[in-house]
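Data file: target-v6.txt. Format and content: compact mmCIF, C-alpha atoms.
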# COMPACT_ATOMS: atom_id res chain seq x y z
CA MET Y 1 -63.20 19.13 -40.00
CA GLU Y 2 -59.86 20.86 -40.13
CA ILE Y 3 -60.18 24.59 -40.75
CA GLY Y 4 -57.23 26.80 -41.58
CA VAL Y 5 -55.72 29.36 -43.91
CA PHE Y 6 -53.40 29.21 -46.88
CA SER Y 7 -51.31 31.86 -48.56
CA VAL Y 8 -50.23 32.19 -52.18
CA SER Y 9 -47.43 34.48 -50.88
CA ASP Y 10 -48.06 37.38 -53.23
CA ILE Y 11 -46.40 40.75 -52.68
CA THR Y 12 -49.02 43.20 -53.92
CA GLN Y 13 -49.42 46.95 -53.67
CA ASP Y 14 -52.11 48.16 -51.30
CA PRO Y 15 -54.46 50.00 -53.69
CA THR Y 16 -55.76 52.25 -50.92
CA THR Y 17 -52.33 53.60 -49.92
CA GLY Y 18 -50.12 52.90 -52.95
CA ARG Y 19 -47.59 51.16 -50.71
CA THR Y 20 -46.05 47.79 -51.57
CA PRO Y 21 -44.67 45.76 -48.63
CA THR Y 22 -41.11 44.51 -48.77
CA GLU Y 23 -40.26 40.82 -49.06
CA ARG Y 24 -39.14 40.83 -45.44
CA GLU Y 25 -42.41 42.38 -44.29
CA ARG Y 26 -44.47 39.75 -46.11
CA ILE Y 27 -42.31 36.89 -44.83
CA LYS Y 28 -42.58 38.15 -41.26
CA ALA Y 29 -46.33 38.68 -41.77
CA ALA Y 30 -46.70 35.01 -42.68
CA VAL Y 31 -45.25 34.07 -39.30
CA SER Y 32 -47.62 36.46 -37.49
CA ILE Y 33 -50.60 35.06 -39.37
CA ALA Y 34 -49.65 31.46 -38.57
CA LYS Y 35 -49.32 32.29 -34.88
CA LYS Y 36 -52.72 34.00 -34.95
CA VAL Y 37 -54.21 30.90 -36.65
CA GLU Y 38 -53.09 28.84 -33.67
CA GLU Y 39 -54.18 31.46 -31.14
CA ILE Y 40 -57.80 31.57 -32.36
CA GLY Y 41 -58.16 27.79 -32.52
CA MET Y 42 -57.85 27.07 -36.23
CA ASP Y 43 -56.09 23.89 -37.28
CA VAL Y 44 -53.85 24.44 -40.33
CA TYR Y 45 -51.48 27.00 -41.79
CA ALA Y 46 -50.34 26.37 -45.39
CA THR Y 47 -48.01 28.23 -47.70
CA GLY Y 48 -47.61 28.04 -51.45
CA GLU Y 49 -44.38 27.54 -53.39
CA HIS Y 50 -43.33 30.00 -56.07
CA HIS Y 51 -40.00 30.89 -57.62
CA ASN Y 52 -40.87 34.13 -59.36
CA PRO Y 53 -41.87 37.68 -58.41
CA PRO Y 54 -44.24 38.91 -57.08
CA PHE Y 55 -44.18 35.91 -54.72
CA TYR Y 56 -41.85 35.23 -51.80
CA ALA Y 57 -42.40 31.58 -50.80
CA SER Y 58 -39.58 29.84 -52.64
CA SER Y 59 -38.64 27.68 -49.63
CA PRO Y 60 -41.74 26.33 -47.84
CA THR Y 61 -39.83 24.07 -45.46
CA THR Y 62 -37.68 26.96 -44.23
CA LEU Y 63 -40.73 29.10 -43.51
CA LEU Y 64 -42.70 26.25 -41.95
CA GLY Y 65 -39.74 25.14 -39.86
CA TYR Y 66 -39.46 28.65 -38.40
CA ILE Y 67 -43.19 28.65 -37.70
CA ALA Y 68 -42.97 25.18 -36.13
CA ALA Y 69 -40.59 26.55 -33.51
CA GLN Y 70 -43.15 29.18 -32.49
CA THR Y 71 -46.30 27.05 -32.47
CA GLU Y 72 -47.40 23.93 -30.64
CA ARG Y 73 -50.60 22.59 -32.14
CA ILE Y 74 -51.40 23.59 -35.73
CA THR Y 75 -50.64 21.41 -38.73
CA LEU Y 76 -48.06 22.98 -41.03
CA SER Y 77 -48.76 22.33 -44.68
CA THR Y 78 -48.21 23.60 -48.18
CA ALA Y 79 -50.74 24.99 -50.60
CA THR Y 80 -48.52 23.60 -53.36
CA THR Y 81 -45.24 21.72 -53.31
CA LEU Y 82 -43.97 21.46 -56.87
CA ILE Y 83 -43.67 17.75 -57.58
CA THR Y 84 -42.62 18.41 -61.18
CA THR Y 85 -39.56 20.63 -60.71
CA ASN Y 86 -38.31 19.59 -57.27
CA ASP Y 87 -36.09 16.53 -56.99
CA PRO Y 88 -37.96 13.75 -55.15
CA VAL Y 89 -34.84 12.97 -53.10
CA LYS Y 90 -34.72 16.53 -51.81
CA LEU Y 91 -38.46 16.53 -51.14
CA ALA Y 92 -38.21 13.27 -49.18
CA GLU Y 93 -35.41 14.61 -47.02
CA ASP Y 94 -36.69 18.17 -46.54
CA TYR Y 95 -40.19 17.18 -45.47
CA ALA Y 96 -38.99 14.34 -43.24
CA MET Y 97 -36.67 16.84 -41.54
CA LEU Y 98 -39.55 19.28 -41.08
CA GLN Y 99 -41.75 16.46 -39.80
CA GLN Y 100 -39.14 15.50 -37.20
CA LEU Y 101 -38.70 19.11 -36.04
CA ALA Y 102 -42.45 19.74 -35.84
CA ASP Y 103 -43.23 16.48 -33.95
CA GLY Y 104 -45.33 15.19 -36.82
CA ARG Y 105 -47.40 18.34 -37.40
CA VAL Y 106 -46.68 18.29 -41.14
CA ASP Y 107 -48.41 17.33 -44.35
CA LEU Y 108 -48.19 18.69 -47.88
CA VAL Y 109 -50.15 19.37 -51.03
CA LEU Y 110 -48.34 18.23 -54.16
CA GLY Y 111 -49.07 19.94 -57.45
CA ARG Y 112 -47.70 20.91 -60.81
CA GLY Y 113 -48.03 24.65 -60.18
CA ASN Y 114 -49.40 27.19 -62.62
CA THR Y 115 -46.25 29.09 -63.65
CA ALA Y 116 -45.00 27.75 -66.99
CA PRO Y 117 -41.50 29.39 -66.93
CA VAL Y 118 -40.57 27.49 -63.74
CA TYR Y 119 -39.89 24.32 -65.75
CA PRO Y 120 -36.81 25.49 -67.69
CA TRP Y 121 -35.51 27.29 -64.59
CA PHE Y 122 -35.12 23.86 -63.00
CA GLY Y 123 -34.07 22.04 -66.15
CA ARG Y 124 -37.46 20.56 -66.94
CA ASN Y 125 -39.84 20.65 -69.90
CA ILE Y 126 -43.46 21.61 -69.29
CA GLN Y 127 -44.51 19.07 -71.91
CA ASP Y 128 -43.34 16.38 -69.47
CA SER Y 129 -45.35 17.73 -66.54
CA LEU Y 130 -47.73 14.80 -66.15
CA GLU Y 131 -44.97 12.23 -66.66
CA LEU Y 132 -42.83 14.06 -64.10
CA THR Y 133 -45.73 14.13 -61.63
CA VAL Y 134 -46.35 10.40 -61.83
CA GLU Y 135 -42.69 9.34 -61.84
CA ASN Y 136 -41.52 11.77 -59.18
CA TYR Y 137 -44.33 10.90 -56.81
CA ALA Y 138 -43.75 7.16 -57.20
CA LEU Y 139 -40.11 7.74 -56.25
CA LEU Y 140 -41.01 10.02 -53.35
CA ARG Y 141 -43.29 7.34 -51.91
CA LYS Y 142 -40.56 4.73 -52.31
CA LEU Y 143 -37.99 6.96 -50.59
CA TRP Y 144 -40.28 7.42 -47.61
CA ASP Y 145 -41.56 3.85 -47.40
CA GLU Y 146 -38.34 1.90 -47.98
CA ASP Y 147 -35.11 2.22 -46.01
CA VAL Y 148 -32.92 1.23 -48.96
CA VAL Y 149 -33.98 2.24 -52.46
CA ASN Y 150 -32.92 0.94 -55.85
CA TRP Y 151 -34.67 2.82 -58.61
CA GLN Y 152 -34.45 3.74 -62.27
CA GLY Y 153 -36.73 6.05 -64.24
CA LYS Y 154 -36.86 8.36 -67.22
CA HIS Y 155 -36.36 11.83 -65.76
CA ARG Y 156 -33.47 11.55 -63.27
CA THR Y 157 -30.36 9.48 -62.65
CA PRO Y 158 -30.81 6.02 -61.10
CA LEU Y 159 -30.47 5.35 -57.37
CA GLN Y 160 -28.54 2.39 -56.01
CA ASN Y 161 -28.70 1.35 -52.35
CA PHE Y 162 -29.79 4.85 -51.41
CA THR Y 163 -31.27 5.82 -48.03
CA ALA Y 164 -32.98 9.20 -47.63
CA THR Y 165 -32.21 10.85 -44.30
CA PRO Y 166 -33.71 11.60 -41.91
CA ARG Y 167 -36.31 8.87 -42.04
CA PRO Y 168 -39.98 9.80 -41.55
CA LEU Y 169 -40.99 10.25 -37.91
CA ASP Y 170 -42.11 6.96 -36.31
CA GLY Y 171 -41.83 5.33 -39.72
CA VAL Y 172 -44.95 7.22 -40.89
CA ALA Y 173 -44.45 9.54 -43.85
CA PRO Y 174 -46.21 12.92 -44.03
CA PHE Y 175 -49.74 12.68 -45.38
CA VAL Y 176 -50.01 13.81 -49.00
CA TRP Y 177 -52.82 15.74 -50.66
CA HIS Y 178 -52.72 16.08 -54.43
CA GLY Y 179 -53.78 19.56 -55.53
CA SER Y 180 -55.50 20.30 -58.80
CA ILE Y 181 -57.76 22.91 -60.33
CA ARG Y 182 -58.20 21.37 -63.77
CA THR Y 183 -56.43 18.03 -64.31
CA PRO Y 184 -58.36 14.74 -63.99
CA GLN Y 185 -55.12 12.72 -64.08
CA ILE Y 186 -54.18 14.24 -60.70
CA ALA Y 187 -57.50 13.14 -59.22
CA GLU Y 188 -56.76 9.66 -60.56
CA LEU Y 189 -53.28 9.69 -59.01
CA ALA Y 190 -54.63 10.69 -55.60
CA ALA Y 191 -57.26 7.97 -55.77
CA TYR Y 192 -54.78 5.29 -56.83
CA TYR Y 193 -52.58 5.86 -53.77
CA GLY Y 194 -55.46 6.49 -51.38
CA ASP Y 195 -54.14 9.98 -50.72
CA GLY Y 196 -56.10 13.17 -50.19
CA PHE Y 197 -57.36 15.41 -53.00
CA PHE Y 198 -57.26 19.17 -52.49
CA ALA Y 199 -59.45 21.07 -54.96
CA ASN Y 200 -58.51 24.73 -54.79
CA ASN Y 201 -61.92 25.80 -55.98
CA ILE Y 202 -61.52 29.55 -55.50
CA PHE Y 203 -61.45 30.70 -59.12
CA TRP Y 204 -64.03 28.77 -61.14
CA PRO Y 205 -67.72 27.83 -60.71
CA LYS Y 206 -68.47 24.84 -58.51
CA GLU Y 207 -69.68 22.62 -61.37
CA HIS Y 208 -66.11 22.22 -62.63
CA TYR Y 209 -64.85 21.06 -59.23
CA MET Y 210 -67.85 18.81 -58.69
CA GLN Y 211 -66.66 16.81 -61.71
CA LEU Y 212 -63.05 16.59 -60.47
CA ILE Y 213 -64.00 15.64 -56.92
CA GLY Y 214 -66.63 13.22 -58.19
CA LEU Y 215 -64.01 11.48 -60.32
CA TYR Y 216 -61.61 11.26 -57.37
CA ARG Y 217 -64.28 9.79 -55.10
CA GLU Y 218 -65.34 7.24 -57.71
CA ARG Y 219 -61.77 6.10 -58.34
CA TYR Y 220 -60.90 6.07 -54.62
CA GLU Y 221 -63.63 3.48 -54.15
CA HIS Y 222 -62.56 1.62 -57.30
CA TYR Y 223 -59.05 1.15 -55.88
CA GLY Y 224 -60.45 -0.29 -52.65
CA HIS Y 225 -59.56 2.42 -50.16
CA GLY Y 226 -63.12 2.85 -48.91
CA THR Y 227 -66.47 4.05 -50.14
CA ALA Y 228 -66.64 7.14 -52.33
CA ASP Y 229 -67.95 9.29 -49.49
CA GLN Y 230 -64.99 8.26 -47.32
CA ALA Y 231 -62.43 9.77 -49.71
CA ILE Y 232 -60.28 12.53 -48.21
CA VAL Y 233 -61.19 15.90 -49.74
CA GLY Y 234 -59.95 19.41 -49.05
CA LEU Y 235 -61.39 22.67 -50.39
CA GLY Y 236 -60.29 26.26 -50.76
CA GLY Y 237 -62.27 29.34 -49.86
CA GLN Y 238 -61.98 33.11 -49.46
CA PHE Y 239 -63.63 35.68 -47.25
CA PHE Y 240 -63.53 39.29 -46.19
CA MET Y 241 -65.69 40.17 -43.20
CA ARG Y 242 -66.88 43.06 -41.16
CA LYS Y 243 -69.69 42.96 -38.63
CA ASN Y 244 -71.75 45.00 -41.08
CA SER Y 245 -71.96 43.44 -44.54
CA GLN Y 246 -71.89 46.71 -46.48
CA ASP Y 247 -68.77 47.83 -44.61
CA ALA Y 248 -67.03 44.66 -45.81
CA VAL Y 249 -68.12 45.28 -49.40
CA ASN Y 250 -66.96 48.89 -49.39
CA GLU Y 251 -63.60 48.10 -47.78
CA PHE Y 252 -62.71 45.07 -49.87
CA ARG Y 253 -63.78 46.36 -53.29
CA PRO Y 254 -60.54 48.22 -54.17
CA TYR Y 255 -58.52 45.15 -53.17
CA PHE Y 256 -60.69 42.88 -55.29
CA ASP Y 257 -60.61 45.20 -58.28
CA ASN Y 258 -56.81 45.34 -58.26
CA ALA Y 259 -56.01 41.76 -57.21
CA PRO Y 260 -53.27 40.26 -59.42
CA VAL Y 261 -55.25 37.13 -60.27
CA TYR Y 262 -58.86 38.16 -60.78
CA GLY Y 263 -58.70 41.96 -60.71
CA HIS Y 264 -59.93 43.84 -63.77
CA GLY Y 265 -62.14 40.87 -64.63
CA PRO Y 266 -65.62 39.96 -63.35
CA SER Y 267 -67.31 42.27 -60.88
CA MET Y 268 -66.98 41.40 -57.22
CA GLU Y 269 -70.70 40.62 -57.14
CA ASP Y 270 -70.45 38.21 -60.08
CA PHE Y 271 -67.35 36.57 -58.64
CA THR Y 272 -68.92 36.02 -55.21
CA ALA Y 273 -72.01 34.55 -56.87
CA GLN Y 274 -69.99 31.98 -58.82
CA THR Y 275 -67.09 31.08 -56.49
CA PRO Y 276 -66.53 30.48 -52.75
CA LEU Y 277 -65.53 34.13 -52.14
CA THR Y 278 -67.71 35.69 -49.43
CA VAL Y 279 -67.58 39.44 -48.79
CA GLY Y 280 -69.96 40.33 -46.01
CA SER Y 281 -70.91 39.54 -42.44
CA PRO Y 282 -69.80 36.59 -40.29
CA GLN Y 283 -73.21 35.00 -40.78
CA GLU Y 284 -72.82 35.15 -44.55
CA VAL Y 285 -69.43 33.44 -44.29
CA ILE Y 286 -70.98 30.71 -42.12
CA GLU Y 287 -73.88 30.11 -44.49
CA LYS Y 288 -71.79 29.96 -47.64
CA THR Y 289 -69.11 27.73 -46.13
CA LEU Y 290 -71.67 25.26 -44.83
CA SER Y 291 -73.15 25.07 -48.33
CA PHE Y 292 -69.95 23.65 -49.81
CA ALA Y 293 -70.77 20.13 -48.63
CA ASP Y 294 -74.07 20.28 -50.53
CA ALA Y 295 -72.10 20.42 -53.77
CA PHE Y 296 -68.99 18.39 -52.95
CA GLY Y 297 -70.07 15.97 -50.21
CA ASP Y 298 -68.70 15.65 -46.70
CA TYR Y 299 -65.05 16.65 -46.64
CA GLN Y 300 -62.14 16.91 -44.22
CA ARG Y 301 -60.23 20.18 -44.69
CA GLN Y 302 -61.31 23.75 -45.39
CA LEU Y 303 -58.60 26.34 -46.06
CA PHE Y 304 -59.24 30.05 -46.61
CA LEU Y 305 -57.15 32.54 -48.56
CA ILE Y 306 -57.22 35.81 -46.61
CA ASP Y 307 -53.84 37.58 -46.91
CA HIS Y 308 -53.69 38.40 -50.61
CA ALA Y 309 -54.32 41.36 -52.94
CA GLY Y 310 -52.37 43.87 -50.86
CA LEU Y 311 -54.39 43.58 -47.65
CA PRO Y 312 -52.29 44.95 -44.78
CA LEU Y 313 -51.28 42.63 -41.95
CA LYS Y 314 -53.36 44.58 -39.42
CA THR Y 315 -56.49 43.95 -41.47
CA VAL Y 316 -55.71 40.25 -41.92
CA LEU Y 317 -55.25 39.78 -38.17
CA GLU Y 318 -58.55 41.60 -37.55
CA GLN Y 319 -60.21 39.19 -39.98
CA LEU Y 320 -58.83 36.24 -38.08
CA ASP Y 321 -59.94 37.60 -34.72
CA LEU Y 322 -63.47 38.08 -36.04
CA PHE Y 323 -63.43 34.62 -37.59
CA GLY Y 324 -62.28 33.07 -34.32
CA GLU Y 325 -64.95 34.84 -32.32
CA GLU Y 326 -68.02 34.50 -34.52
CA VAL Y 327 -67.44 31.97 -37.31
CA LEU Y 328 -65.10 29.19 -36.22
CA PRO Y 329 -67.14 27.87 -33.26
CA VAL Y 330 -70.27 27.67 -35.41
CA LEU Y 331 -68.53 25.95 -38.31
CA LYS Y 332 -66.89 23.42 -36.01
CA ARG Y 333 -70.18 22.64 -34.32
CA GLU Y 334 -72.21 22.40 -37.53
CA PHE Y 335 -69.68 20.35 -39.46
CA ALA Y 336 -69.38 17.91 -36.56
CA ALA Y 337 -73.15 17.53 -36.31
CA ARG Y 338 -73.55 16.93 -40.03
CA LYS Y 339 -70.72 14.45 -40.59
CA PRO Y 340 -71.88 10.82 -40.84
CA ALA Y 341 -70.12 8.45 -38.45
CA HIS Y 342 -68.52 6.42 -41.25
CA VAL Y 343 -66.83 9.46 -42.86
CA PRO Y 344 -63.27 9.73 -41.52
CA GLU Y 345 -61.65 12.77 -39.96
CA ALA Y 346 -58.69 14.41 -41.67
CA PRO Y 347 -55.59 12.20 -41.27
CA THR Y 348 -53.00 13.29 -38.69
CA HIS Y 349 -49.64 11.85 -37.77
CA ALA Y 350 -51.10 10.43 -34.57
CA SER Y 351 -54.06 8.77 -36.29
CA ARG Y 352 -51.92 7.32 -39.06
CA LYS Y 353 -49.35 6.00 -36.59
CA ALA Y 354 -52.14 4.36 -34.56
CA ALA Y 355 -53.55 2.75 -37.71
CA ARG Y 356 -50.10 1.49 -38.71
CA ASP Y 357 -49.47 0.09 -35.22
CA ALA Y 358 -52.86 -1.64 -35.20
CA ALA Y 359 -52.18 -3.19 -38.59
CA LEU Y 360 -48.78 -4.45 -37.44
CA ALA Y 361 -50.32 -5.88 -34.27
CA GLY Y 362 -52.94 -7.66 -36.36
CA GLU Y 363 -50.24 -9.18 -38.58
CA THR Y 364 -48.37 -10.39 -35.51
CA VAL Y 365 -51.48 -12.08 -34.13
CA SER Y 366 -52.37 -13.72 -37.45
CA ASN Y 367 -48.80 -14.93 -37.96
CA GLY Y 368 -48.59 -16.22 -34.39
In C-alpha cells, how does this file's structure come out?
Amino acid sequence: MEIGVFSVSDITQDPTTGRTPTERERIKAAVSIAKKVEEIGMDVYATGEHHNPPFYASSPTTLLGYIAAQTERITLSTATTLITTNDPVKLAEDYAMLQQLADGRVDLVLGRGNTAPVYPWFGRNIQDSLELTVENYALLRKLWDEDVVNWQGKHRTPLQNFTATPRPLDGVAPFVWHGSIRTPQIAELAAYYGDGFFANNIFWPKEHYMQLIGLYRERYEHYGHGTADQAIVGLGGQFFMRKNSQDAVNEFRPYFDNAPVYGHGPSMEDFTAQTPLTVGSPQEVIEKTLSFADAFGDYQRQLFLIDHAGLPLKTVLEQLDLFGEEVLPVLKREFAARKPAHVPEAPTHASRKAARDAALAGETVSNG
C-alpha cells in the first residue's frame, strides 16, 4: 500500500486569525510538506492543477520538478492533470521531462477537473469534455508508446512524423491513474487501458464510489487485464488529529465550518459520519482508514488531504509528525497483513520496467 498526501492548492483565510497566506507562502509550504512526507516515511506527494483563484497550482510539473530536486524516494504525482484542456503533446513532453529528472519517481492522475470556466480559457468547449478526454488520452498514449507518430483527430491539428521529446525514461511511460468523482465513462476508460482508477471519495457517501469502483473492477476484468480484485485502485481521505480526540474536534471545527468546499453545509459530525474525514485521535484515523477496504476492496494507494481550509503550515507539519509516529506504521503493517498474495502492489517505474523487460525476454525466447 502506498500512503501519501495530496493538495488541492487552495489559498484560504485562516478563520482563527483572519490572515490569508500569500501565493508564495502556499507554494513554499507545498515544498515543505512534500519534504516532510518523505521524512516521515510516506510514499507519495501529489498536487492538483487549477488555473483560477483561490488556487495556486497552475503548473504541476514545475512544482514537482522543484520538489524532485530536494527529495530522493517519494513518488511525485498529481491529484488532477487536466486531460481536457491541456494539449496532449505538451503533456507527453512535460511529464517525460519530469520523469527523467526524477529518475522515474513520477506518475499522474488524469481528470476533467471541476471548474467549468477553464474550458473557454484554453479554447475548449465543456460540452466536448468526454470526447476530449477519450481523444486526448489516446493521443497521449501514442506519443509515449511510439517514437514516430502520425495522427489525426477531431479536436486538434494532425501530427505527421512527430516525435515527442524527451522520450519516457527507459522506454516506460509514467503510470496513469484516471480520476473521477462521478463519471462512469472515466472508470470505463481506465479499465479499457488497464490503468489505475483514483476515486477521490472525500465529498460524498461511500455508496456512490462503491458503484464507480465496482464498475471499474468489472470492466478491468472484462478487458483481460486481470481479475476484478487485481484492478489498481486509489482512494482519497482526510484527517485532523490530536492525541486527545476532543482537542482535535475543537481545533478543527472553525476550519471545517469555513472551508471553501464544504463549509456552511453539513455539520462536521454529519460529514465525518458519511465521508472518509476523520477528526479525532490517531487510533480513530487508523480504524476508519482500515475500514475503507471493507467497502471498496483491497486497493493500492491511499492519499490524504491535510493542508486545506486555511490550516497553517506549522499545524500541517505537526499533523504529519503525529501521523508518522502513531498511524503510518500501523497502517503499513495492517494493510500488508490483509492483502491477498494475488493482489498487486501499486505500480512503480522499477516494477513496470522489470515487467516490460521480462516480456521482451519472453518474446526473444519464443522467437528464437
TODO: Rank nothing, just name the residue among Y:Lys332, Y:Lys206, Y:Arg141, Y:His178 nearest to Val109 (chain Y), using all atoms listed in the file.
DONE: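 Answer, going by the shortest atom-to-atom distance: Y:His178.
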Task: For CA of Gln246 (chain Y) and CA of Ser7 (chain Y), the interatomic separation in Å (one decimal) - done: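 Calculated distance between CA of Gln246 (chain Y) and CA of Ser7 (chain Y) is 25.5 Å.
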Task: Straight-line distance linking CA of Phe271 (chain Y) with CA of Gly297 (chain Y), stated in Å to one decimal - done: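 Atom-to-atom, CA of Phe271 (chain Y) to CA of Gly297 (chain Y), that is 22.4 Å.
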Open item on the list: Need the shell around region 272-282 of chain Y: protein/DNA/RNA residues with any atom at most 8 Å away, counting all atoms listed in the file. Skip same-chain ones fewer than 5 positions apart. Format as number ranges by chain?
Closed with: Y: 201-206, 236-249, 252, 288-289, 322-323, 326-327
Using all atoms listed in the file, which residues sit within 7 Å of region 24-39 of chain Y once same-chain residues fewer than 4 positions away are excluded, as a PDB file with C-alpha atoms, keeping the file's coordinate frame?
ATOM      1  CA  ILE Y  11     -46.400  40.750 -52.680  1.00  0.00           C
ATOM      2  CA  ASP Y  43     -56.090  23.890 -37.280  1.00  0.00           C
ATOM      3  CA  TYR Y  45     -51.480  27.000 -41.790  1.00  0.00           C
ATOM      4  CA  ILE Y  67     -43.190  28.650 -37.700  1.00  0.00           C
ATOM      5  CA  THR Y  71     -46.300  27.050 -32.470  1.00  0.00           C
ATOM      6  CA  ARG Y  73     -50.600  22.590 -32.140  1.00  0.00           C
ATOM      7  CA  ILE Y  74     -51.400  23.590 -35.730  1.00  0.00           C
ATOM      8  CA  LEU Y 313     -51.280  42.630 -41.950  1.00  0.00           C
ATOM      9  CA  LEU Y 317     -55.250  39.780 -38.170  1.00  0.00           C
TER      10      LEU Y 317
END
- [ ] Record the distance separating CA of Gly153 (chain Y) and CA of Asp87 (chain Y), expressed in Å with one decimal.
- [x] 12.8 Å
Open item on the list: Considering only C-alpha atoms, can you say which of Y:Asp229, Y:Asp107, Y:Glu2, Y:Glu251 comes closest to Trp177 (chain Y)?
Closed with: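 Comparing Y:Asp229, Y:Asp107, Y:Glu2, Y:Glu251 against Trp177 (chain Y), the winner is Y:Asp107.
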Open item on the list: Here's a test: counting only C-alpha atoms, identify every protein, DNA and RNA residue with an atom at most 12 Å from (-65.8, 27.2, -38.1) in the file's coordinate frame, and state them as a PyMOL selection string.
Closed with: chain Y and resi 1-5+40-43+282-283+285-290+301-304+320+322-336
- [ ] With a distance cut-off of 8 Å and only C-alpha atoms, select the neighbouring residues of region 121-133 of chain Y, excluding the residue or stretch itself and same-chain residues fewer than 3 positions from it, and output the selection as a PyMOL selection string.
- [x] chain Y and resi 83-86+111-112+116-118+136-137+155+185
TODO: Compile the contact shell of region 210-224 of chain Y as a ChimeraX atom specification: residues with an atom at most 7 Å away, counting all atoms listed in the file, same-chain residues fewer than 3 positions apart removed.
DONE: /Y:184,187-188,191-192,194,206-207,227-229,231,295-296
Task: Of the listed residues Y:Tyr119, Y:Asp147, Y:Val44, Y:Pro174, that which approaches Asp94 (chain Y) most closely, counting all atoms listed in the file - done: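 The shortest atom-to-atom distance to Asp94 (chain Y) comes from Y:Pro174.
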Task: Shortest interatomic distance to Gly104 (chain Y) - which of Y:Phe292, Y:Phe162, Y:Tyr209, Y:Phe175, counting all atoms listed in the file - done: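 The answer is Y:Phe175, which sits nearest to Gly104 (chain Y).
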TODO: Write out as a PyMOL selection string which residues come within 12 Å of Leu311 (chain Y) when counting only C-alpha atoms, dropping same-chain ones fewer than 3 positions away.
DONE: chain Y and resi 9-21+26+29+240+251-256+258-259+305-308+314-319
- [ ] Go through Y:Asp298, Y:Gln152, Y:Gly179, Y:Thr62 one by one, measure the shortest atom-to-atom distance of each to Thr81 (chain Y) using only C-alpha atoms, and give the residue with the smallest value.
- [x]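 Going through Y:Asp298, Y:Gln152, Y:Gly179, Y:Thr62 one by one, the smallest distance to Thr81 (chain Y) is for Y:Gly179.
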